[in-house]
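Listing of my_file-v5.cif, mmCIF, N, CA and C atoms
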```
data_structure
loop_
_atom_site.label_atom_id
_atom_site.label_comp_id
_atom_site.auth_asym_id
_atom_site.auth_seq_id
_atom_site.Cartn_x
_atom_site.Cartn_y
_atom_site.Cartn_z
N MET A 468 12.05 -59.66 -4.29
CA MET A 468 11.53 -58.57 -3.50
C MET A 468 12.13 -57.25 -4.00
N GLN A 469 11.30 -56.24 -4.14
CA GLN A 469 11.74 -54.95 -4.65
C GLN A 469 12.38 -54.12 -3.53
N LYS A 470 13.46 -53.44 -3.87
CA LYS A 470 14.16 -52.59 -2.92
C LYS A 470 13.27 -51.41 -2.52
N GLN A 471 13.22 -51.09 -1.21
CA GLN A 471 12.32 -50.05 -0.70
C GLN A 471 12.99 -48.67 -0.57
N THR A 472 14.32 -48.62 -0.71
CA THR A 472 15.01 -47.33 -0.64
C THR A 472 15.94 -47.18 -1.84
N GLU A 473 16.30 -45.95 -2.10
CA GLU A 473 17.21 -45.63 -3.19
C GLU A 473 18.13 -44.51 -2.73
N THR A 474 19.38 -44.56 -3.14
CA THR A 474 20.34 -43.51 -2.78
C THR A 474 20.71 -42.73 -4.03
N ARG A 475 20.68 -41.41 -3.93
CA ARG A 475 21.08 -40.54 -5.03
C ARG A 475 22.24 -39.67 -4.55
N VAL A 476 23.25 -39.56 -5.39
CA VAL A 476 24.39 -38.69 -5.08
C VAL A 476 24.05 -37.30 -5.60
N ARG A 477 24.14 -36.31 -4.70
CA ARG A 477 23.81 -34.93 -5.07
C ARG A 477 24.33 -34.01 -3.99
N PHE A 478 24.95 -32.92 -4.39
CA PHE A 478 25.43 -31.92 -3.44
C PHE A 478 24.28 -30.99 -3.10
N TRP A 479 23.99 -30.84 -1.81
CA TRP A 479 22.93 -29.94 -1.36
C TRP A 479 23.49 -28.54 -1.21
N ALA A 480 22.94 -27.59 -1.93
CA ALA A 480 23.37 -26.21 -1.85
C ALA A 480 22.32 -25.43 -1.06
N SER A 481 22.62 -25.12 0.17
CA SER A 481 21.62 -24.49 1.05
C SER A 481 21.19 -23.12 0.54
N TRP A 482 22.04 -22.44 -0.20
CA TRP A 482 21.68 -21.12 -0.72
C TRP A 482 20.73 -21.21 -1.91
N ASP A 483 20.58 -22.39 -2.49
CA ASP A 483 19.68 -22.59 -3.61
C ASP A 483 18.55 -23.54 -3.20
N PHE A 484 17.94 -23.24 -2.06
CA PHE A 484 16.95 -24.15 -1.49
C PHE A 484 15.72 -24.32 -2.36
N GLU A 485 15.34 -23.30 -3.13
CA GLU A 485 14.16 -23.43 -3.99
C GLU A 485 14.38 -24.49 -5.07
N LYS A 486 15.60 -24.57 -5.59
CA LYS A 486 15.94 -25.60 -6.57
C LYS A 486 15.88 -26.98 -5.93
N GLU A 487 16.34 -27.10 -4.70
CA GLU A 487 16.31 -28.38 -3.98
C GLU A 487 14.88 -28.80 -3.68
N GLU A 488 14.04 -27.84 -3.27
CA GLU A 488 12.63 -28.14 -3.02
C GLU A 488 11.96 -28.66 -4.28
N GLN A 489 12.22 -28.03 -5.41
CA GLN A 489 11.64 -28.45 -6.68
C GLN A 489 12.11 -29.86 -7.06
N TRP A 490 13.40 -30.14 -6.85
CA TRP A 490 13.95 -31.46 -7.15
C TRP A 490 13.25 -32.53 -6.30
N LEU A 491 13.09 -32.25 -5.00
CA LEU A 491 12.41 -33.20 -4.11
C LEU A 491 10.94 -33.37 -4.48
N ASP A 492 10.27 -32.28 -4.85
CA ASP A 492 8.87 -32.37 -5.27
C ASP A 492 8.72 -33.22 -6.53
N ASN A 493 9.65 -33.05 -7.47
CA ASN A 493 9.61 -33.84 -8.71
C ASN A 493 9.82 -35.32 -8.41
N LEU A 494 10.77 -35.63 -7.53
CA LEU A 494 10.99 -37.02 -7.14
C LEU A 494 9.75 -37.59 -6.46
N SER A 495 9.13 -36.80 -5.60
CA SER A 495 7.94 -37.25 -4.89
C SER A 495 6.81 -37.58 -5.87
N SER A 496 6.67 -36.80 -6.92
CA SER A 496 5.64 -37.08 -7.91
C SER A 496 5.91 -38.39 -8.65
N GLU A 497 7.17 -38.85 -8.62
CA GLU A 497 7.55 -40.13 -9.23
C GLU A 497 7.50 -41.28 -8.21
N GLY A 498 7.11 -40.98 -6.97
CA GLY A 498 6.99 -42.02 -5.95
C GLY A 498 8.24 -42.21 -5.10
N LEU A 499 9.20 -41.29 -5.19
CA LEU A 499 10.42 -41.33 -4.36
C LEU A 499 10.37 -40.19 -3.37
N HIS A 500 10.50 -40.52 -2.07
CA HIS A 500 10.30 -39.52 -1.03
C HIS A 500 11.53 -39.42 -0.12
N LEU A 501 11.84 -38.20 0.27
CA LEU A 501 13.00 -37.94 1.12
C LEU A 501 12.89 -38.71 2.43
N LYS A 502 13.94 -39.46 2.72
CA LYS A 502 14.02 -40.18 3.99
C LYS A 502 15.11 -39.57 4.86
N LYS A 503 16.28 -39.29 4.26
CA LYS A 503 17.40 -38.71 5.00
C LYS A 503 18.29 -37.98 4.00
N ALA A 504 18.75 -36.79 4.37
CA ALA A 504 19.62 -36.00 3.50
C ALA A 504 20.98 -35.80 4.16
N TYR A 505 22.00 -35.94 3.36
CA TYR A 505 23.37 -35.70 3.77
C TYR A 505 23.96 -34.67 2.81
N PRO A 506 25.14 -34.11 3.11
CA PRO A 506 25.70 -33.09 2.22
C PRO A 506 25.93 -33.56 0.78
N PHE A 507 26.24 -34.84 0.56
CA PHE A 507 26.57 -35.29 -0.79
C PHE A 507 25.69 -36.41 -1.32
N TRP A 508 24.75 -36.90 -0.54
CA TRP A 508 23.84 -37.92 -1.04
C TRP A 508 22.53 -37.84 -0.28
N THR A 509 21.51 -38.46 -0.87
CA THR A 509 20.16 -38.44 -0.33
C THR A 509 19.61 -39.86 -0.35
N ILE A 510 18.96 -40.25 0.71
CA ILE A 510 18.29 -41.54 0.77
C ILE A 510 16.80 -41.30 0.57
N LEU A 511 16.22 -42.02 -0.37
CA LEU A 511 14.81 -41.87 -0.73
C LEU A 511 14.08 -43.18 -0.48
N SER A 512 12.83 -43.08 -0.06
CA SER A 512 12.00 -44.28 0.09
C SER A 512 11.00 -44.31 -1.05
N LYS A 513 10.60 -45.51 -1.42
CA LYS A 513 9.67 -45.68 -2.54
C LYS A 513 8.26 -45.90 -2.02
N ASP A 514 7.33 -45.09 -2.51
CA ASP A 514 5.91 -45.24 -2.19
C ASP A 514 5.11 -44.51 -3.27
N PRO A 515 4.70 -45.20 -4.30
CA PRO A 515 3.98 -44.54 -5.39
C PRO A 515 2.59 -44.04 -5.00
N SER A 516 2.09 -44.42 -3.84
CA SER A 516 0.74 -44.01 -3.44
C SER A 516 0.71 -42.64 -2.75
N ALA A 517 1.89 -42.06 -2.46
CA ALA A 517 1.94 -40.77 -1.76
C ALA A 517 2.62 -39.71 -2.61
N ARG A 518 2.32 -38.45 -2.31
CA ARG A 518 2.99 -37.32 -2.95
C ARG A 518 3.12 -36.21 -1.91
N TYR A 519 4.32 -35.63 -1.81
CA TYR A 519 4.59 -34.60 -0.81
C TYR A 519 5.10 -33.33 -1.47
N VAL A 520 4.88 -32.21 -0.79
CA VAL A 520 5.46 -30.93 -1.17
C VAL A 520 6.49 -30.60 -0.10
N HIS A 521 7.71 -30.24 -0.52
CA HIS A 521 8.81 -30.03 0.42
C HIS A 521 9.12 -28.55 0.59
N ARG A 522 9.46 -28.19 1.81
CA ARG A 522 9.93 -26.85 2.14
C ARG A 522 11.16 -27.02 3.04
N ILE A 523 12.23 -26.34 2.68
CA ILE A 523 13.48 -26.44 3.43
C ILE A 523 13.57 -25.22 4.35
N ASP A 524 13.89 -25.47 5.60
CA ASP A 524 13.99 -24.42 6.61
C ASP A 524 15.31 -24.57 7.35
N HIS A 525 16.23 -23.65 7.11
CA HIS A 525 17.52 -23.66 7.81
C HIS A 525 17.41 -22.74 9.02
N ARG A 526 17.33 -23.33 10.18
CA ARG A 526 17.15 -22.55 11.39
C ARG A 526 18.28 -22.82 12.36
N PRO A 527 19.09 -21.80 12.67
CA PRO A 527 20.17 -21.99 13.65
C PRO A 527 19.63 -22.07 15.08
N GLY A 528 20.39 -22.67 15.96
CA GLY A 528 20.06 -22.70 17.38
C GLY A 528 19.17 -23.84 17.82
N LEU A 529 18.86 -24.78 16.95
CA LEU A 529 17.96 -25.86 17.34
C LEU A 529 18.63 -26.93 18.19
N ALA A 530 19.93 -26.81 18.43
CA ALA A 530 20.60 -27.73 19.35
C ALA A 530 20.15 -27.45 20.79
N ASN A 531 19.70 -26.24 21.05
CA ASN A 531 19.16 -25.86 22.35
C ASN A 531 17.77 -26.48 22.49
N LYS A 532 17.57 -27.27 23.55
CA LYS A 532 16.32 -28.01 23.72
C LYS A 532 15.09 -27.09 23.78
N ALA A 533 15.20 -25.96 24.46
CA ALA A 533 14.07 -25.03 24.56
C ALA A 533 13.74 -24.42 23.20
N GLU A 534 14.75 -24.04 22.44
CA GLU A 534 14.53 -23.48 21.11
C GLU A 534 13.90 -24.52 20.18
N PHE A 535 14.37 -25.77 20.28
CA PHE A 535 13.81 -26.84 19.46
C PHE A 535 12.35 -27.05 19.80
N GLN A 536 11.99 -27.08 21.08
CA GLN A 536 10.60 -27.28 21.49
C GLN A 536 9.73 -26.13 21.01
N HIS A 537 10.24 -24.90 21.09
CA HIS A 537 9.49 -23.74 20.58
C HIS A 537 9.23 -23.90 19.09
N TYR A 538 10.23 -24.34 18.35
CA TYR A 538 10.12 -24.56 16.91
C TYR A 538 9.07 -25.63 16.59
N VAL A 539 9.10 -26.73 17.32
CA VAL A 539 8.12 -27.81 17.12
C VAL A 539 6.71 -27.30 17.43
N ASN A 540 6.55 -26.56 18.51
CA ASN A 540 5.24 -26.03 18.89
C ASN A 540 4.71 -25.05 17.85
N LEU A 541 5.60 -24.31 17.23
CA LEU A 541 5.20 -23.34 16.20
C LEU A 541 4.47 -24.02 15.05
N TYR A 542 4.95 -25.21 14.66
CA TYR A 542 4.37 -25.91 13.52
C TYR A 542 3.39 -27.01 13.91
N ALA A 543 3.16 -27.19 15.18
CA ALA A 543 2.24 -28.26 15.64
C ALA A 543 0.78 -27.89 15.35
#
```

Would you mind giving the structure from this file in structure tokens?
Amino acid sequence: MQKQTETRVRFWASWDFEKEEQWLDNLSSEGLHLKKAYPFWTILSKDPSARYVHRIDHRPGLANKAEFQHYVNLYA
């Protein structure tokens, strides 16, 4: 049975988000898609039938439930 996830070690630099978006887009074109991101590693899922374009949005204050709901509604 083939493994469905892959882990890559990589430091996420929030100030260089365009580079990170491009890296994720390139992986997606190879069939590896972002599942979960941590500061020093990334978990990717394998699905060669899909391709995604990634955009990173660093938004403070989303711990507040009302702010989070407003944010979700904005993109719904």

(message) Rounded to one decimal, what separation in Å do you get between atom C of Leu529 in chain A and atom N of Phe507 in chain A?
(response) 20.8 Å

(request) Any chance you could list, as number ranges by chain, the residues in chain A that come up strand (DSSP E or B) when DSSP is run on the backbone? (result) A: 472-476, 499-504, 508-513

Those residues you just picked out, can you put them in a file as a PDB file, in the frame of the given file with N, CA and C atoms?
```
ATOM      1  N   THR A 472      14.320 -48.620  -0.710  1.00  0.00           N
ATOM      2  CA  THR A 472      15.010 -47.330  -0.640  1.00  0.00           C
ATOM      3  C   THR A 472      15.940 -47.180  -1.840  1.00  0.00           C
ATOM      4  N   GLU A 473      16.300 -45.950  -2.100  1.00  0.00           N
ATOM      5  CA  GLU A 473      17.210 -45.630  -3.190  1.00  0.00           C
ATOM      6  C   GLU A 473      18.130 -44.510  -2.730  1.00  0.00           C
ATOM      7  N   THR A 474      19.380 -44.560  -3.140  1.00  0.00           N
ATOM      8  CA  THR A 474      20.340 -43.510  -2.780  1.00  0.00           C
ATOM      9  C   THR A 474      20.710 -42.730  -4.030  1.00  0.00           C
ATOM     10  N   ARG A 475      20.680 -41.410  -3.930  1.00  0.00           N
ATOM     11  CA  ARG A 475      21.080 -40.540  -5.030  1.00  0.00           C
ATOM     12  C   ARG A 475      22.240 -39.670  -4.550  1.00  0.00           C
ATOM     13  N   VAL A 476      23.250 -39.560  -5.390  1.00  0.00           N
ATOM     14  CA  VAL A 476      24.390 -38.690  -5.080  1.00  0.00           C
ATOM     15  C   VAL A 476      24.050 -37.300  -5.600  1.00  0.00           C
ATOM     16  N   LEU A 499       9.200 -41.290  -5.190  1.00  0.00           N
ATOM     17  CA  LEU A 499      10.420 -41.330  -4.360  1.00  0.00           C
ATOM     18  C   LEU A 499      10.370 -40.190  -3.370  1.00  0.00           C
ATOM     19  N   HIS A 500      10.500 -40.520  -2.070  1.00  0.00           N
ATOM     20  CA  HIS A 500      10.300 -39.520  -1.030  1.00  0.00           C
ATOM     21  C   HIS A 500      11.530 -39.420  -0.120  1.00  0.00           C
ATOM     22  N   LEU A 501      11.840 -38.200   0.270  1.00  0.00           N
ATOM     23  CA  LEU A 501      13.000 -37.940   1.120  1.00  0.00           C
ATOM     24  C   LEU A 501      12.890 -38.710   2.430  1.00  0.00           C
ATOM     25  N   LYS A 502      13.940 -39.460   2.720  1.00  0.00           N
ATOM     26  CA  LYS A 502      14.020 -40.180   3.990  1.00  0.00           C
ATOM     27  C   LYS A 502      15.110 -39.570   4.860  1.00  0.00           C
ATOM     28  N   LYS A 503      16.280 -39.290   4.260  1.00  0.00           N
ATOM     29  CA  LYS A 503      17.400 -38.710   5.000  1.00  0.00           C
ATOM     30  C   LYS A 503      18.290 -37.980   4.000  1.00  0.00           C
ATOM     31  N   ALA A 504      18.750 -36.790   4.370  1.00  0.00           N
ATOM     32  CA  ALA A 504      19.620 -36.000   3.500  1.00  0.00           C
ATOM     33  C   ALA A 504      20.980 -35.800   4.160  1.00  0.00           C
ATOM     34  N   TRP A 508      24.750 -36.900  -0.540  1.00  0.00           N
ATOM     35  CA  TRP A 508      23.840 -37.920  -1.040  1.00  0.00           C
ATOM     36  C   TRP A 508      22.530 -37.840  -0.280  1.00  0.00           C
ATOM     37  N   THR A 509      21.510 -38.460  -0.870  1.00  0.00           N
ATOM     38  CA  THR A 509      20.160 -38.440  -0.330  1.00  0.00           C
ATOM     39  C   THR A 509      19.610 -39.860  -0.350  1.00  0.00           C
ATOM     40  N   ILE A 510      18.960 -40.250   0.710  1.00  0.00           N
ATOM     41  CA  ILE A 510      18.290 -41.540   0.770  1.00  0.00           C
ATOM     42  C   ILE A 510      16.800 -41.300   0.570  1.00  0.00           C
ATOM     43  N   LEU A 511      16.220 -42.020  -0.370  1.00  0.00           N
ATOM     44  CA  LEU A 511      14.810 -41.870  -0.730  1.00  0.00           C
ATOM     45  C   LEU A 511      14.080 -43.180  -0.480  1.00  0.00           C
ATOM     46  N   SER A 512      12.830 -43.080  -0.060  1.00  0.00           N
ATOM     47  CA  SER A 512      12.000 -44.280   0.090  1.00  0.00           C
ATOM     48  C   SER A 512      11.000 -44.310  -1.050  1.00  0.00           C
ATOM     49  N   LYS A 513      10.600 -45.510  -1.420  1.00  0.00           N
ATOM     50  CA  LYS A 513       9.670 -45.680  -2.540  1.00  0.00           C
ATOM     51  C   LYS A 513       8.260 -45.900  -2.020  1.00  0.00           C
TER      52      LYS A 513
END
```

(request) From a DSSP calculation on the backbone, collect every residue of range 480-542 of chain A in helix (DSSP H, G or I) and output the set as a PyMOL selection string. (result) chain A and resi 481-496+532-542

(message) To test your reading of the syntax: which residues would the PyMOL selection byres ((chain A and resi 478) around 8) return for the file shown? Reply as a ChimeraX atom specification.
(response) /A:475-477,479-481,505-509

(request) Could you give me, as a PyMOL selection string, the residues that have an atom at most 8 Å away from the point (16.9, -33.1, 1.7) in the coordinates of the file, using only C-alpha atoms? (result) chain A and resi 479+487+491+501-505+509+523

(request) Find the distance between CA of Asp483 in chain A and atom C of His525 in chain A and write it in Å to one decimal. (result)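 Atom-to-atom, CA of Asp483 in chain A to atom C of His525 in chain A, that is 12.8 Å.
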
The PyMOL selection byres ((chain A and resi 471) around 6.5) resolved against shown file, as a PDB file with N, CA and C atoms, in the frame of the given file:
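Generated file (out29.pdb):
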```pdb
ATOM      1  N   GLN A 469      11.300 -56.240  -4.140  1.00  0.00           N
ATOM      2  CA  GLN A 469      11.740 -54.950  -4.650  1.00  0.00           C
ATOM      3  C   GLN A 469      12.380 -54.120  -3.530  1.00  0.00           C
ATOM      4  N   LYS A 470      13.460 -53.440  -3.870  1.00  0.00           N
ATOM      5  CA  LYS A 470      14.160 -52.590  -2.920  1.00  0.00           C
ATOM      6  C   LYS A 470      13.270 -51.410  -2.520  1.00  0.00           C
ATOM      7  N   THR A 472      14.320 -48.620  -0.710  1.00  0.00           N
ATOM      8  CA  THR A 472      15.010 -47.330  -0.640  1.00  0.00           C
ATOM      9  C   THR A 472      15.940 -47.180  -1.840  1.00  0.00           C
ATOM     10  N   GLU A 473      16.300 -45.950  -2.100  1.00  0.00           N
ATOM     11  CA  GLU A 473      17.210 -45.630  -3.190  1.00  0.00           C
ATOM     12  C   GLU A 473      18.130 -44.510  -2.730  1.00  0.00           C
ATOM     13  N   LEU A 511      16.220 -42.020  -0.370  1.00  0.00           N
ATOM     14  CA  LEU A 511      14.810 -41.870  -0.730  1.00  0.00           C
ATOM     15  C   LEU A 511      14.080 -43.180  -0.480  1.00  0.00           C
ATOM     16  N   SER A 512      12.830 -43.080  -0.060  1.00  0.00           N
ATOM     17  CA  SER A 512      12.000 -44.280   0.090  1.00  0.00           C
ATOM     18  C   SER A 512      11.000 -44.310  -1.050  1.00  0.00           C
ATOM     19  N   LYS A 513      10.600 -45.510  -1.420  1.00  0.00           N
ATOM     20  CA  LYS A 513       9.670 -45.680  -2.540  1.00  0.00           C
ATOM     21  C   LYS A 513       8.260 -45.900  -2.020  1.00  0.00           C
TER      22      LYS A 513
END
```

(message) Just the number, please: distance in Å from atom C of His500 in chain A to CA of Arg522 in chain A, one decimal.
(response) 12.9 Å

(request) Excluding Pro515 in chain A and any residue of its chain fewer than 4 positions from it, enumerate the residues within 9 Å of it, using only C-alpha atoms, and give them as a PyMOL selection string. (result) chain A and resi 495-499

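Nearest to Asp492 in chain A of all the residues A:Thr474, A:His521, A:Gln536, A:Ile510 is A:His521, counting only C-alpha atoms.
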